[in-house]
$ cat protein-v1.txt   # compact mmCIF, N, CA and C atoms
# COMPACT_ATOMS: atom_id res chain seq x y z
N MET J 13 12.87 -11.48 67.18
CA MET J 13 13.87 -10.48 66.85
C MET J 13 15.04 -10.55 67.83
N ARG J 14 14.73 -10.73 69.11
CA ARG J 14 15.77 -10.80 70.14
C ARG J 14 16.69 -12.00 69.90
N ASN J 15 16.09 -13.16 69.57
CA ASN J 15 16.90 -14.35 69.30
C ASN J 15 17.75 -14.17 68.05
N LEU J 16 17.20 -13.48 67.05
CA LEU J 16 17.96 -13.22 65.83
C LEU J 16 19.19 -12.37 66.14
N ARG J 17 19.02 -11.35 66.98
CA ARG J 17 20.16 -10.50 67.37
C ARG J 17 21.21 -11.33 68.10
N ARG J 18 20.77 -12.19 69.02
CA ARG J 18 21.72 -13.03 69.75
C ARG J 18 22.48 -13.96 68.80
N MET J 19 21.76 -14.54 67.85
CA MET J 19 22.40 -15.44 66.90
C MET J 19 23.42 -14.68 66.05
N MET J 20 23.06 -13.47 65.62
CA MET J 20 23.98 -12.66 64.82
C MET J 20 25.21 -12.28 65.63
N LEU J 21 25.01 -11.89 66.89
CA LEU J 21 26.14 -11.54 67.76
C LEU J 21 27.02 -12.76 67.99
N SER J 22 26.42 -13.91 68.26
CA SER J 22 27.19 -15.13 68.48
C SER J 22 27.99 -15.51 67.24
N ALA J 23 27.37 -15.40 66.08
CA ALA J 23 28.07 -15.74 64.84
C ALA J 23 29.22 -14.77 64.60
N THR J 24 29.01 -13.49 64.87
CA THR J 24 30.06 -12.49 64.69
C THR J 24 31.22 -12.75 65.65
N LEU J 25 30.91 -13.00 66.92
CA LEU J 25 31.97 -13.27 67.90
C LEU J 25 32.73 -14.55 67.55
N ALA J 26 32.03 -15.56 67.11
CA ALA J 26 32.68 -16.81 66.73
C ALA J 26 33.63 -16.58 65.56
N ALA J 27 33.18 -15.78 64.59
CA ALA J 27 34.04 -15.51 63.44
C ALA J 27 35.26 -14.70 63.82
N VAL J 28 35.06 -13.70 64.68
CA VAL J 28 36.17 -12.84 65.09
C VAL J 28 37.13 -13.59 66.01
N CYS J 29 36.59 -14.23 67.02
CA CYS J 29 37.45 -14.89 68.01
C CYS J 29 37.99 -16.21 67.51
N GLY J 30 37.16 -16.99 66.89
CA GLY J 30 37.57 -18.32 66.46
C GLY J 30 38.58 -18.30 65.36
N GLY J 31 38.54 -17.30 64.51
CA GLY J 31 39.43 -17.27 63.38
C GLY J 31 40.70 -16.48 63.62
N SER J 32 40.88 -15.93 64.80
CA SER J 32 42.01 -15.03 65.00
C SER J 32 43.22 -15.69 65.66
N ALA J 33 43.07 -16.86 66.25
CA ALA J 33 44.19 -17.49 66.93
C ALA J 33 45.16 -18.10 65.93
N SER J 34 46.42 -17.81 66.09
CA SER J 34 47.45 -18.40 65.24
C SER J 34 47.72 -19.82 65.68
N ALA J 35 48.09 -20.65 64.74
CA ALA J 35 48.42 -22.03 65.06
C ALA J 35 49.55 -22.05 66.08
N GLY J 36 49.40 -22.82 67.12
CA GLY J 36 50.43 -22.95 68.13
C GLY J 36 50.37 -21.92 69.24
N GLU J 37 49.52 -20.91 69.12
CA GLU J 37 49.39 -19.92 70.18
C GLU J 37 48.70 -20.54 71.38
N LEU J 38 49.18 -20.19 72.55
CA LEU J 38 48.58 -20.69 73.78
C LEU J 38 47.95 -19.54 74.55
N PRO J 39 46.87 -19.82 75.26
CA PRO J 39 46.29 -18.77 76.10
C PRO J 39 47.26 -18.45 77.24
N LEU J 40 47.12 -17.27 77.81
CA LEU J 40 47.98 -16.91 78.92
C LEU J 40 47.28 -15.97 79.86
N VAL J 41 47.78 -15.92 81.08
CA VAL J 41 47.32 -14.99 82.11
C VAL J 41 48.56 -14.39 82.73
N ILE J 42 48.62 -13.08 82.79
CA ILE J 42 49.78 -12.39 83.35
C ILE J 42 49.29 -11.34 84.33
N SER J 43 49.85 -11.36 85.52
CA SER J 43 49.54 -10.37 86.55
C SER J 43 50.50 -9.20 86.42
N ALA J 44 50.02 -8.01 86.75
CA ALA J 44 50.86 -6.82 86.67
C ALA J 44 52.03 -6.87 87.65
N ASP J 45 51.95 -7.71 88.67
CA ASP J 45 53.06 -7.81 89.62
C ASP J 45 53.86 -9.10 89.44
N ASP J 46 53.73 -9.75 88.29
CA ASP J 46 54.46 -10.97 87.98
C ASP J 46 55.95 -10.66 87.89
N ASP J 47 56.76 -11.38 88.65
CA ASP J 47 58.21 -11.15 88.67
C ASP J 47 58.88 -11.45 87.32
N SER J 48 58.22 -12.23 86.47
CA SER J 48 58.84 -12.58 85.20
C SER J 48 58.61 -11.53 84.11
N LEU J 49 57.80 -10.50 84.40
CA LEU J 49 57.61 -9.43 83.42
C LEU J 49 58.92 -8.71 83.15
N GLU J 50 59.16 -8.40 81.89
CA GLU J 50 60.35 -7.66 81.52
C GLU J 50 59.95 -6.21 81.25
N TRP J 51 60.22 -5.35 82.22
CA TRP J 51 59.87 -3.94 82.10
C TRP J 51 60.99 -3.20 81.41
N GLY J 52 60.64 -2.39 80.43
CA GLY J 52 61.61 -1.59 79.70
C GLY J 52 61.27 -0.11 79.83
N PRO J 53 62.17 0.74 79.39
CA PRO J 53 61.96 2.19 79.54
C PRO J 53 60.89 2.72 78.58
N CYS J 54 60.29 3.81 78.97
CA CYS J 54 59.36 4.56 78.13
C CYS J 54 60.16 5.54 77.28
N PRO J 55 59.52 6.19 76.30
CA PRO J 55 60.23 7.24 75.57
C PRO J 55 60.75 8.31 76.53
N GLU J 56 61.82 8.99 76.15
CA GLU J 56 62.51 9.93 77.03
C GLU J 56 61.64 11.06 77.55
N PHE J 57 60.62 11.47 76.82
CA PHE J 57 59.79 12.60 77.28
C PHE J 57 58.82 12.21 78.39
N MET J 58 58.69 10.92 78.65
CA MET J 58 57.80 10.45 79.71
C MET J 58 58.48 10.66 81.07
N PRO J 59 57.70 10.61 82.16
CA PRO J 59 58.27 10.90 83.49
C PRO J 59 59.26 9.82 83.96
N ASP J 60 60.16 10.23 84.87
CA ASP J 60 61.09 9.28 85.48
C ASP J 60 60.30 8.15 86.12
N GLY J 61 60.80 6.94 85.97
CA GLY J 61 60.15 5.78 86.56
C GLY J 61 59.10 5.15 85.66
N CYS J 62 58.83 5.74 84.50
CA CYS J 62 57.87 5.18 83.55
C CYS J 62 58.46 3.92 82.92
N GLU J 63 57.64 2.86 82.84
CA GLU J 63 58.09 1.59 82.27
C GLU J 63 56.97 0.95 81.46
N ILE J 64 57.38 0.11 80.50
CA ILE J 64 56.44 -0.64 79.68
C ILE J 64 56.87 -2.10 79.66
N ALA J 65 55.89 -3.00 79.76
CA ALA J 65 56.14 -4.44 79.62
C ALA J 65 55.24 -4.96 78.50
N VAL J 66 55.84 -5.64 77.55
CA VAL J 66 55.07 -6.23 76.45
C VAL J 66 54.44 -7.52 76.94
N LEU J 67 53.13 -7.62 76.77
CA LEU J 67 52.40 -8.80 77.21
C LEU J 67 52.16 -9.79 76.09
N HIS J 68 51.88 -9.26 74.91
CA HIS J 68 51.54 -10.12 73.78
C HIS J 68 51.79 -9.37 72.49
N GLY J 69 52.33 -10.05 71.52
CA GLY J 69 52.56 -9.45 70.22
C GLY J 69 53.89 -8.75 70.12
N ASP J 70 54.08 -8.09 69.01
CA ASP J 70 55.30 -7.36 68.70
C ASP J 70 54.95 -5.88 68.68
N PRO J 71 55.55 -5.07 69.55
CA PRO J 71 55.20 -3.64 69.60
C PRO J 71 55.45 -2.90 68.28
N ALA J 72 56.27 -3.46 67.40
CA ALA J 72 56.53 -2.83 66.11
C ALA J 72 55.49 -3.23 65.06
N ALA J 73 54.55 -4.10 65.44
CA ALA J 73 53.51 -4.58 64.53
C ALA J 73 52.14 -4.26 65.12
N ALA J 74 51.11 -4.51 64.35
CA ALA J 74 49.74 -4.27 64.80
C ALA J 74 49.36 -5.24 65.92
N ASN J 75 48.43 -4.80 66.76
CA ASN J 75 47.79 -5.62 67.79
C ASN J 75 48.72 -6.12 68.88
N ALA J 76 49.47 -5.22 69.47
CA ALA J 76 50.32 -5.55 70.62
C ALA J 76 49.62 -5.09 71.90
N ASP J 77 49.82 -5.85 72.97
CA ASP J 77 49.28 -5.53 74.29
C ASP J 77 50.42 -5.24 75.25
N VAL J 78 50.28 -4.19 76.05
CA VAL J 78 51.33 -3.81 76.99
C VAL J 78 50.74 -3.43 78.34
N PHE J 79 51.60 -3.49 79.36
CA PHE J 79 51.34 -2.80 80.62
C PHE J 79 52.19 -1.53 80.57
N PHE J 80 51.60 -0.42 80.95
CA PHE J 80 52.27 0.87 81.03
C PHE J 80 52.21 1.28 82.49
N ARG J 81 53.37 1.57 83.09
CA ARG J 81 53.42 1.88 84.53
C ARG J 81 54.15 3.19 84.78
N VAL J 82 53.51 4.05 85.60
CA VAL J 82 54.15 5.30 86.05
C VAL J 82 53.99 5.38 87.56
N PRO J 83 54.96 6.01 88.24
CA PRO J 83 54.87 6.16 89.70
C PRO J 83 53.69 7.04 90.10
N GLY J 84 53.20 6.82 91.33
CA GLY J 84 52.18 7.70 91.89
C GLY J 84 52.67 9.13 91.88
N GLY J 85 51.82 10.06 91.52
CA GLY J 85 52.16 11.47 91.48
C GLY J 85 52.79 11.93 90.17
N ALA J 86 53.03 10.99 89.24
CA ALA J 86 53.69 11.35 87.98
C ALA J 86 52.73 12.03 87.02
N ASP J 87 53.26 13.02 86.30
CA ASP J 87 52.52 13.69 85.23
C ASP J 87 52.99 13.15 83.89
N ILE J 88 52.05 12.72 83.06
CA ILE J 88 52.35 12.21 81.73
C ILE J 88 52.09 13.37 80.76
N PRO J 89 53.13 13.85 80.08
CA PRO J 89 52.96 15.03 79.24
C PRO J 89 52.07 14.79 78.02
N LEU J 90 51.64 15.89 77.42
CA LEU J 90 50.78 15.84 76.24
C LEU J 90 51.48 15.06 75.13
N HIS J 91 50.78 14.07 74.60
CA HIS J 91 51.31 13.23 73.55
C HIS J 91 50.15 12.63 72.76
N ARG J 92 50.50 11.90 71.71
CA ARG J 92 49.51 11.21 70.90
C ARG J 92 50.09 9.88 70.43
N HIS J 93 49.20 9.05 69.89
CA HIS J 93 49.60 7.76 69.34
C HIS J 93 49.00 7.63 67.94
N ALA J 94 49.70 6.99 67.03
CA ALA J 94 49.16 6.72 65.69
C ALA J 94 48.03 5.69 65.77
N SER J 95 47.97 4.98 66.87
CA SER J 95 46.99 3.92 67.06
C SER J 95 45.89 4.33 68.03
N ALA J 96 44.73 3.76 67.85
CA ALA J 96 43.72 3.82 68.90
C ALA J 96 44.23 2.98 70.06
N GLU J 97 43.77 3.31 71.27
CA GLU J 97 44.16 2.56 72.48
C GLU J 97 42.89 2.05 73.16
N ARG J 98 42.93 0.80 73.59
CA ARG J 98 41.89 0.23 74.43
C ARG J 98 42.56 -0.09 75.76
N MET J 99 42.04 0.49 76.85
CA MET J 99 42.77 0.44 78.12
C MET J 99 41.89 0.01 79.27
N VAL J 100 42.52 -0.63 80.26
CA VAL J 100 41.90 -0.94 81.55
C VAL J 100 42.93 -0.62 82.62
N LEU J 101 42.52 0.17 83.62
CA LEU J 101 43.44 0.51 84.71
C LEU J 101 43.52 -0.65 85.68
N VAL J 102 44.76 -1.08 85.95
CA VAL J 102 45.01 -2.24 86.81
C VAL J 102 45.31 -1.81 88.23
N SER J 103 46.01 -0.68 88.40
CA SER J 103 46.28 -0.17 89.75
C SER J 103 46.40 1.35 89.69
N GLY J 104 46.23 1.97 90.87
CA GLY J 104 46.32 3.42 90.97
C GLY J 104 45.03 4.10 90.57
N GLU J 105 45.14 5.40 90.35
CA GLU J 105 44.02 6.22 89.87
C GLU J 105 44.61 7.25 88.92
N LEU J 106 44.02 7.40 87.76
CA LEU J 106 44.60 8.20 86.69
C LEU J 106 43.60 9.23 86.18
N ASP J 107 44.00 10.50 86.20
CA ASP J 107 43.20 11.55 85.57
C ASP J 107 43.76 11.75 84.16
N VAL J 108 42.92 11.64 83.15
CA VAL J 108 43.36 11.79 81.76
C VAL J 108 42.52 12.87 81.08
N THR J 109 43.21 13.68 80.28
CA THR J 109 42.54 14.75 79.56
C THR J 109 42.89 14.65 78.08
N TYR J 110 41.87 14.45 77.26
CA TYR J 110 42.02 14.44 75.81
C TYR J 110 41.67 15.84 75.30
N ASP J 111 42.38 16.31 74.28
CA ASP J 111 42.09 17.63 73.71
C ASP J 111 40.60 17.76 73.41
N GLY J 112 40.02 18.88 73.87
CA GLY J 112 38.62 19.16 73.62
C GLY J 112 37.65 18.45 74.54
N GLN J 113 38.16 17.70 75.52
CA GLN J 113 37.31 16.94 76.43
C GLN J 113 37.60 17.35 77.87
N GLU J 114 36.64 17.11 78.74
CA GLU J 114 36.88 17.32 80.18
C GLU J 114 37.75 16.20 80.72
N THR J 115 38.47 16.49 81.79
CA THR J 115 39.30 15.48 82.44
C THR J 115 38.41 14.37 82.98
N ALA J 116 38.84 13.14 82.77
CA ALA J 116 38.12 11.96 83.28
C ALA J 116 39.03 11.23 84.25
N THR J 117 38.47 10.74 85.34
CA THR J 117 39.21 9.94 86.30
C THR J 117 38.97 8.47 86.00
N ILE J 118 40.07 7.75 85.82
CA ILE J 118 40.00 6.31 85.56
C ILE J 118 40.41 5.61 86.85
N ARG J 119 39.56 4.70 87.31
CA ARG J 119 39.83 3.94 88.53
C ARG J 119 40.05 2.48 88.19
N VAL J 120 40.61 1.73 89.12
CA VAL J 120 40.90 0.32 88.89
C VAL J 120 39.67 -0.39 88.35
N GLY J 121 39.89 -1.10 87.24
CA GLY J 121 38.81 -1.86 86.60
C GLY J 121 38.08 -1.08 85.53
N ASP J 122 38.31 0.24 85.44
CA ASP J 122 37.63 1.04 84.43
C ASP J 122 38.26 0.81 83.06
N TYR J 123 37.39 0.81 82.03
CA TYR J 123 37.81 0.73 80.63
C TYR J 123 37.84 2.14 80.07
N ALA J 124 38.82 2.40 79.23
CA ALA J 124 38.92 3.69 78.55
C ALA J 124 39.34 3.45 77.11
N TYR J 125 38.85 4.30 76.23
CA TYR J 125 39.21 4.22 74.81
C TYR J 125 39.81 5.55 74.40
N GLY J 126 40.92 5.50 73.71
CA GLY J 126 41.56 6.70 73.19
C GLY J 126 41.69 6.61 71.69
N PRO J 127 41.05 7.53 70.95
CA PRO J 127 41.15 7.51 69.49
C PRO J 127 42.58 7.79 69.01
N ALA J 128 42.91 7.28 67.85
CA ALA J 128 44.22 7.53 67.25
C ALA J 128 44.42 9.03 67.03
N ASP J 129 45.65 9.48 67.23
CA ASP J 129 46.10 10.85 66.95
C ASP J 129 45.45 11.94 67.78
N LEU J 130 44.70 11.60 68.82
CA LEU J 130 44.08 12.63 69.67
C LEU J 130 45.02 12.92 70.85
N PRO J 131 45.60 14.13 70.90
CA PRO J 131 46.52 14.45 71.99
C PRO J 131 45.86 14.33 73.36
N HIS J 132 46.65 13.85 74.32
CA HIS J 132 46.15 13.69 75.68
C HIS J 132 47.31 13.73 76.67
N SER J 133 46.97 14.06 77.91
CA SER J 133 47.93 14.06 79.01
C SER J 133 47.25 13.38 80.18
N ALA J 134 48.02 13.05 81.20
CA ALA J 134 47.43 12.36 82.35
C ALA J 134 48.26 12.63 83.60
N THR J 135 47.65 12.38 84.75
CA THR J 135 48.33 12.46 86.03
C THR J 135 47.92 11.26 86.86
N CYS J 136 48.93 10.54 87.37
CA CYS J 136 48.67 9.43 88.29
C CYS J 136 48.56 10.03 89.69
N ALA J 137 47.49 9.70 90.38
CA ALA J 137 47.28 10.23 91.74
C ALA J 137 48.44 9.81 92.65
N PRO J 138 48.78 10.65 93.64
CA PRO J 138 49.83 10.27 94.59
C PRO J 138 49.49 8.94 95.27
N GLY J 139 50.52 8.18 95.58
CA GLY J 139 50.32 6.88 96.23
C GLY J 139 50.74 5.76 95.31
N ASP J 140 49.83 4.83 95.06
CA ASP J 140 50.15 3.66 94.24
C ASP J 140 50.52 4.06 92.82
N ALA J 141 51.41 3.28 92.24
CA ALA J 141 51.74 3.45 90.83
C ALA J 141 50.50 3.19 89.99
N CYS J 142 50.42 3.84 88.86
CA CYS J 142 49.35 3.57 87.91
C CYS J 142 49.87 2.54 86.90
N VAL J 143 49.17 1.43 86.81
CA VAL J 143 49.47 0.42 85.80
C VAL J 143 48.25 0.34 84.90
N LEU J 144 48.50 0.55 83.63
CA LEU J 144 47.44 0.58 82.64
C LEU J 144 47.69 -0.52 81.62
N PHE J 145 46.70 -1.40 81.43
CA PHE J 145 46.76 -2.35 80.33
C PHE J 145 46.33 -1.60 79.08
N ILE J 146 47.14 -1.67 78.03
CA ILE J 146 46.79 -1.00 76.77
C ILE J 146 46.89 -2.00 75.62
N ALA J 147 45.82 -2.10 74.85
CA ALA J 147 45.81 -2.86 73.60
C ALA J 147 45.91 -1.86 72.46
N PHE J 148 47.00 -1.91 71.73
CA PHE J 148 47.20 -1.02 70.59
C PHE J 148 46.73 -1.72 69.32
N VAL J 149 46.07 -0.99 68.45
CA VAL J 149 45.61 -1.51 67.18
C VAL J 149 46.75 -1.49 66.16
N GLU J 150 47.47 -0.38 66.13
CA GLU J 150 48.62 -0.20 65.24
C GLU J 150 49.89 -0.36 66.07
N PRO J 151 51.08 -0.32 65.44
CA PRO J 151 52.32 -0.43 66.23
C PRO J 151 52.35 0.59 67.37
N VAL J 152 53.00 0.20 68.46
CA VAL J 152 53.08 1.02 69.66
C VAL J 152 53.98 2.23 69.40
N ASP J 153 53.47 3.41 69.71
CA ASP J 153 54.28 4.62 69.64
C ASP J 153 53.71 5.64 70.63
N ALA J 154 54.49 6.65 70.92
CA ALA J 154 54.06 7.79 71.72
C ALA J 154 54.86 8.98 71.23
N VAL J 155 54.15 10.00 70.76
CA VAL J 155 54.78 11.17 70.15
C VAL J 155 54.43 12.40 70.98
N PRO J 156 55.45 13.12 71.50
CA PRO J 156 55.15 14.32 72.27
C PRO J 156 54.48 15.37 71.40
N VAL J 157 53.61 16.14 72.03
CA VAL J 157 52.88 17.20 71.34
C VAL J 157 53.25 18.53 71.96
N GLY J 158 53.42 19.56 71.15
CA GLY J 158 53.74 20.89 71.68
C GLY J 158 55.19 21.03 72.03
N GLY J 159 55.47 21.53 73.25
CA GLY J 159 56.82 21.80 73.71
C GLY J 159 57.71 20.58 73.79
N GLY J 160 57.15 19.38 73.56
CA GLY J 160 57.94 18.15 73.67
C GLY J 160 58.69 17.79 72.42
N GLY J 161 58.67 18.62 71.39
CA GLY J 161 59.50 18.35 70.22
C GLY J 161 58.76 17.84 69.01
N GLU J 162 57.43 17.95 68.96
CA GLU J 162 56.72 17.50 67.76
C GLU J 162 56.90 18.50 66.64
$ encode --input "protein-v1.txt" --output "C-alpha cells"
Amino acid sequence: MRNLRRMMLSATLAAVCGGSASAGELPLVISADDDSLEWGPCPEFMPDGCEIAVLHGDPAAANADVFFRVPGGADIPLHRHASAERMVLVSGELDVTYDGQETATIRVGDYAYGPADLPHSATCAPGDACVLFIAFVEPVDAVPVGGGGE
C-alpha cells in the first residue's frame, strides 16, 4: 500500500510538473536583494515604502509570482484578493490576521496560505523590512476592505 501511494504521488507530480513548463522557458533563481529586481509601487492604500517586484509570469494573468516588500513597522490595512495566495516570508517578521482567525506570526522560512476573498491585515515587526514571496493563482490584485473604499 505504501509503495502504491508513492507511485501515485510520483505519477501525479510528474504530470503536474512535467507538463507545465512552456517551450523555451528556463529555470531561474532570484534573491530578494538582487540589484536587477524591478520594484514597483503597491496600490495607494498600502503603506508608504510598499513595493512589489514581479518574479515570474504576468500579474494581469493567472499564476504570477511576486516579492511584496514593506518597511519594518509598517501596518498593512485590511484588504482582500480575488486569488488565493501561497506565501513564504523571506525577511522580517509579519503578524497577519484573517477575518475570523487569531493573529498568526510568520517568520523567515514560514509558509502561509491565504484563501481567495478572505479579508486580512498585517503588521511588519519593527526593524528589518518584510519581504514576502507570493504565488497568486489568479491575476494579482489587492482590494481595500471597509474604510479603504470598498
$ residues_around --input "protein-v1.txt" --residues "Ala76 of chain J" --least-positions-apart "4" --cutoff "8 Å" --atoms "only N, CA and C atoms" --output "count of residues only"
14
$ atom_distance --input "protein-v1.txt" --atom1 "atom CA of Gly126 of chain J" --atom2 "atom CA of Arg92 of chain J"
9.4 Å
$ select_by_dssp --input "protein-v1.txt" --residues "chain J" --states "alpha helix (DSSP H)" --output "ChimeraX atom specification"
/J:14-30
$ residues_around --input "protein-v1.txt" --residues "Gly61 of chain J" --least-positions-apart "4" --cutoff "8 Å" --atoms "all atoms listed in the file" --output "NGL selection string"
:J and (53-54 or 81-83)
$ closest_residue --input "protein-v1.txt" --among "J:Gly139, J:Phe145, J:Val120, J:Leu90" --to "Asp77 of chain J" --atoms "only C-alpha atoms"
J:Phe145
$ atom_distance --input "protein-v1.txt" --atom1 "atom N of Ser95 of chain J" --atom2 "atom CA of Leu40 of chain J"
25.0 Å
$ select_by_dssp --input "protein-v1.txt" --residues "segment 18-159 of chain J" --states "strand (DSSP E or B)" --output "number ranges by chain"
J: 51-53, 63-68, 77-82, 87-92, 97-103, 105-110, 116-119, 123-126, 132-136, 142-148, 155-156
$ closest_residue --input "protein-v1.txt" --among "J:Val157, J:Ala128, J:Ala134, J:Ala116" --to "Ala86 of chain J" --atoms "only C-alpha atoms"
J:Ala134
$ build_atoms --input "protein-v1.txt" --residues "segment 120-132 of chain J" --atoms "N, CA, C and O atoms" --output "CSV table (one decimal), keeping the file's coordinate frame"
chain,number,residue,atom,x,y,z
J,120,VAL,N,40.6,1.7,89.1
J,120,VAL,CA,40.9,0.3,88.9
J,120,VAL,C,39.7,-0.4,88.4
J,120,VAL,O,38.6,-0.3,88.9
J,121,GLY,N,39.9,-1.1,87.2
J,121,GLY,CA,38.8,-1.9,86.6
J,121,GLY,C,38.1,-1.1,85.5
J,121,GLY,O,37.3,-1.7,84.8
J,122,ASP,N,38.3,0.2,85.4
J,122,ASP,CA,37.6,1.0,84.4
J,122,ASP,C,38.3,0.8,83.1
J,122,ASP,O,39.5,0.7,82.9
J,123,TYR,N,37.4,0.8,82.0
J,123,TYR,CA,37.8,0.7,80.6
J,123,TYR,C,37.8,2.1,80.1
J,123,TYR,O,37.0,3.0,80.4
J,124,ALA,N,38.8,2.4,79.2
J,124,ALA,CA,38.9,3.7,78.6
J,124,ALA,C,39.3,3.4,77.1
J,124,ALA,O,40.1,2.5,76.8
J,125,TYR,N,38.8,4.3,76.2
J,125,TYR,CA,39.2,4.2,74.8
J,125,TYR,C,39.8,5.6,74.4
J,125,TYR,O,39.3,6.6,74.7
J,126,GLY,N,40.9,5.5,73.7
J,126,GLY,CA,41.6,6.7,73.2
J,126,GLY,C,41.7,6.6,71.7
J,126,GLY,O,42.3,5.7,71.2
J,127,PRO,N,41.0,7.5,71.0
J,127,PRO,CA,41.2,7.5,69.5
J,127,PRO,C,42.6,7.8,69.0
J,127,PRO,O,43.3,8.5,69.7
J,128,ALA,N,42.9,7.3,67.8
J,128,ALA,CA,44.2,7.5,67.2
J,128,ALA,C,44.4,9.0,67.0
J,128,ALA,O,43.5,9.8,66.7
J,129,ASP,N,45.6,9.5,67.2
J,129,ASP,CA,46.1,10.8,67.0
J,129,ASP,C,45.4,11.9,67.8
J,129,ASP,O,45.7,13.1,67.5
J,130,LEU,N,44.7,11.6,68.8
J,130,LEU,CA,44.1,12.6,69.7
J,130,LEU,C,45.0,12.9,70.8
J,130,LEU,O,45.3,12.1,71.7
J,131,PRO,N,45.6,14.1,70.9
J,131,PRO,CA,46.5,14.4,72.0
J,131,PRO,C,45.9,14.3,73.4
J,131,PRO,O,44.7,14.6,73.5
J,132,HIS,N,46.6,13.8,74.3
J,132,HIS,CA,46.2,13.7,75.7
J,132,HIS,C,47.3,13.7,76.7
J,132,HIS,O,48.5,13.5,76.3
